[in-house]
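Read through the structure below, which is laid out as C-alpha cells, and then see the notes.
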Amino acid sequence: SGDAAVRGKLEALYREREQWQALADHLGRRAAQMTSEEARPLHLERAEILLERLGDTEAALTIARAFLPDDVTAAEEIFTKCLQRDTAHPAPLLALADLARGKGDHQRAAKLLLDAAERTQAPVELGRLLAEAGALHLEQLDDEARAIECLEGALASDPEQVLAAEKLLAVRERQEDWAKAEPLYELLVRKTEDDKVRADLFQRQARCARQLGKLDQAATALAAAAALDLASLPLARELADLQAEREAWAEARAEYERAKSLTGPDTPAEIRVALCEQLARCARQTQDDGAAVRYYEEALELEPGKQATLQALVELRTERGEWQEVVGLKRKLLGLATADAERARLLEDVGDLLQEKQGDWTGAMAAYQEVLALEPDRRQVL
C-alpha cells in the first residue's frame, strides 16, 4: 500500500508538471510488471497520453497492436482514436480494415482500404491497397465492376502487383476478353517460382494465344508448360494437337510419340487408339507411309472393329497398291456391316479387286455370287 501511495504521488506530480513522456514511460514500466488483465487500463491510459498529449500516433499504434489478437476491443478503441487524432495517417485505417476483415465485415474493410489508398503516395503500397480492395469487391462483395476498377488502378500504380494481376486475369478469362488477359500472363509467369503454378500459367497463356489466333506464341507457351510437367499425358497431347493445327507435322509427331510413351495399361483404349491414328496422320503428312501403316495396324490391334481406322488403312494400302491387304481389310469391313446394301457394295469391291488386281477369277466369281444373293437385281454385277 505504501508503494501504491508513492506511485500515486509520482503520477500526480508528472501530471501537475505536464511531464507527459515521463508519465507514459512510468505507466509502461508498471504495466510490464502486471498480468495482461491488470495492465489493460494502464496501456489504454498510456495510449491516450501518447495521442492527446504527445501526438505520438506511431507509439499509440504500437500499444494497440500489442493487444492483438487477444483483446480486439481495446486494439480497435486505440486504432479509432489514432484515426480521429491523425486523419491523414493510413496505418490506423489499415489496422481497422484488418479487424473488419476478421469480423467478416468486408464492405467496411474495402472502404477502409480505399480510404487508406487515398492517403498513400508510395506507388508500391498504393498498388497493394488497391489490389486488396479489388479482391474483396470481387470475391466477397460480388461487385465485379468496382473490383476491375480497383485492380486496374493497382496495376497502373505498380505494374508488378501480383495479387491484382492474378485476380484481374481470372476476370478476363471468365469474360473471354483475351486481348486484355494476354499481358497479364507474362507478369505472373515471371513472378512465380512454383513450377506447378508456372506450368498452369503457361497452359492458360497458350489457350489465350490460341484464341487470339497466335499459334506460334501458343506453341511456345505450351512447350514451356510441357517442359515443366513432362509426366503429363493431357499436356503432351494438347501440345501435339497444337503442333498439328500449325501443320508442324514433324513436331506434332514427336509430341504424339512422347504422349504415347506416357500411356500405360490403365490408359483408356480410346486414348491409345487416338494417338496411333494421329501419329499415322503425321506420318502421312511427312511422306512416311510405311510408318502410317504400322500406326494404323497398332490402332486396330487395340480396337479391331473401328470402321474409320479400317477405312483409313484401306485408302492408304490402295494408294500403295497393296491389293491383297486391301481385300483383307474390305472383308473385315464386311464383317462389321449390317445393312445388305453396304455388304453388297463391299462384296462387289472385293470381287473387282480379285478380278482386276489379282487375277483371281474364281474368288471374284464367289464374291459376285454373294452380292447377287443379297441383291439379285444388281445390274453391274449381272
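Quick note on naming: the chains in the C-alpha cells go A, B, ... in the order shown, residues restart at 1 in each chain, and ligands are numbered from 1 in order of appearance.
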
Residues within 7 Å of Leu51 in chain A, please, as a VMD selection string. Count only C-alpha atoms; anything in the same chain fewer than 4 positions from it doesn't count. chain A and resid 47 55 to 57 60 82

Check range 18-195 of chain A with DSSP on the backbone and list each residue it calls alpha helix (DSSP H), as a ChimeraX atom specification. /A:20-32,36-52,57-67,72-85,90-102,106-118,123-139,144-157,162-175,178-191,195

Which residues, written as a PyMOL selection string, have at least one atom at most 12 Å from Trp323 in chain A, with only C-alpha atoms counted and residues fewer than 6 positions away on the same chain left out? chain A and resi 313-317+329-330+349-360

Residue subset to file, keeping N, CA and C atoms, as an mmCIF file, in the first residue's frame:
data_model
loop_
_atom_site.group_PDB
_atom_site.id
_atom_site.type_symbol
_atom_site.label_atom_id
_atom_site.label_comp_id
_atom_site.auth_asym_id
_atom_site.auth_seq_id
_atom_site.Cartn_x
_atom_site.Cartn_y
_atom_site.Cartn_z
ATOM 1 N N LEU A 313 -7.017 -47.197 -93.414
ATOM 2 C CA LEU A 313 -5.959 -48.127 -93.826
ATOM 3 C C LEU A 313 -6.242 -48.672 -95.228
ATOM 4 N N VAL A 314 -7.513 -48.854 -95.555
ATOM 5 C CA VAL A 314 -7.876 -49.261 -96.916
ATOM 6 C C VAL A 314 -7.373 -48.227 -97.916
ATOM 7 N N GLU A 315 -7.632 -46.964 -97.640
ATOM 8 C CA GLU A 315 -7.226 -45.889 -98.554
ATOM 9 C C GLU A 315 -5.703 -45.846 -98.705
ATOM 10 N N LEU A 316 -5.013 -46.011 -97.582
ATOM 11 C CA LEU A 316 -3.549 -45.948 -97.637
ATOM 12 C C LEU A 316 -2.973 -47.135 -98.413
ATOM 13 N N ARG A 317 -3.465 -48.326 -98.136
ATOM 14 C CA ARG A 317 -2.926 -49.500 -98.829
ATOM 15 C C ARG A 317 -3.338 -49.494 -100.312
ATOM 16 N N LEU A 329 -8.760 -56.186 -95.696
ATOM 17 C CA LEU A 329 -9.400 -55.107 -94.929
ATOM 18 C C LEU A 329 -10.863 -54.939 -95.323
ATOM 19 N N LYS A 330 -11.130 -55.076 -96.630
ATOM 20 C CA LYS A 330 -12.518 -54.987 -97.090
ATOM 21 C C LYS A 330 -13.353 -56.092 -96.456
ATOM 22 N N ASP A 349 -16.760 -54.735 -104.298
ATOM 23 C CA ASP A 349 -15.381 -54.206 -104.292
ATOM 24 C C ASP A 349 -14.365 -55.352 -104.222
ATOM 25 N N VAL A 350 -14.650 -56.328 -103.346
ATOM 26 C CA VAL A 350 -13.745 -57.471 -103.198
ATOM 27 C C VAL A 350 -13.647 -58.238 -104.524
ATOM 28 N N GLY A 351 -14.799 -58.456 -105.141
ATOM 29 C CA GLY A 351 -14.795 -59.156 -106.435
ATOM 30 C C GLY A 351 -13.992 -58.406 -107.480
ATOM 31 N N ASP A 352 -14.190 -57.100 -107.550
ATOM 32 C CA ASP A 352 -13.454 -56.289 -108.528
ATOM 33 C C ASP A 352 -11.950 -56.372 -108.294
ATOM 34 N N LEU A 353 -11.551 -56.291 -107.039
ATOM 35 C CA LEU A 353 -10.113 -56.337 -106.717
ATOM 36 C C LEU A 353 -9.528 -57.698 -107.074
ATOM 37 N N LEU A 354 -10.253 -58.761 -106.731
ATOM 38 C CA LEU A 354 -9.756 -60.106 -107.037
ATOM 39 C C LEU A 354 -9.621 -60.297 -108.542
ATOM 40 N N GLN A 355 -10.591 -59.797 -109.306
ATOM 41 C CA GLN A 355 -10.563 -59.968 -110.763
ATOM 42 C C GLN A 355 -9.520 -59.088 -111.419
ATOM 43 N N GLU A 356 -9.527 -57.770 -111.066
ATOM 44 C CA GLU A 356 -8.715 -56.800 -111.803
ATOM 45 C C GLU A 356 -7.275 -56.677 -111.310
ATOM 46 N N LYS A 357 -7.085 -56.868 -110.019
ATOM 47 C CA LYS A 357 -5.755 -56.622 -109.451
ATOM 48 C C LYS A 357 -4.977 -57.904 -109.155
ATOM 49 N N GLN A 358 -5.726 -59.019 -108.926
ATOM 50 C CA GLN A 358 -5.026 -60.240 -108.535
ATOM 51 C C GLN A 358 -5.257 -61.392 -109.525
ATOM 52 N N GLY A 359 -6.133 -61.162 -110.487
ATOM 53 C CA GLY A 359 -6.393 -62.215 -111.490
ATOM 54 C C GLY A 359 -7.023 -63.449 -110.899
ATOM 55 N N ASP A 360 -7.724 -63.297 -109.819
ATOM 56 C CA ASP A 360 -8.360 -64.438 -109.142
ATOM 57 C C ASP A 360 -9.818 -64.493 -109.577
#

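Nearest residue to Val124 in chain A, choosing from A:Asp98, A:Glu160, A:Glu152, A:Glu45 and counting only C-alpha atoms: A:Glu160.
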
Just how far from CA of Pro183 in chain A is CA of Asp195 in chain A, in Å to one decimal? 19.9 Å

So, with only C-alpha atoms as the atoms that count, which of A:Leu169, A:Ala227, A:Ala283, A:Leu184 lies closest to Arg253 in chain A? A:Ala283

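Interatomic distance, CA of Leu138 in chain A to CA of Ala221 in chain A: 28.2 Å.
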
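For the choices A:Ile49, A:Glu38, A:His137, A:Asp71, the atom-to-atom distance to Glu18 in chain A is smallest for A:Ile49 when using only C-alpha atoms.
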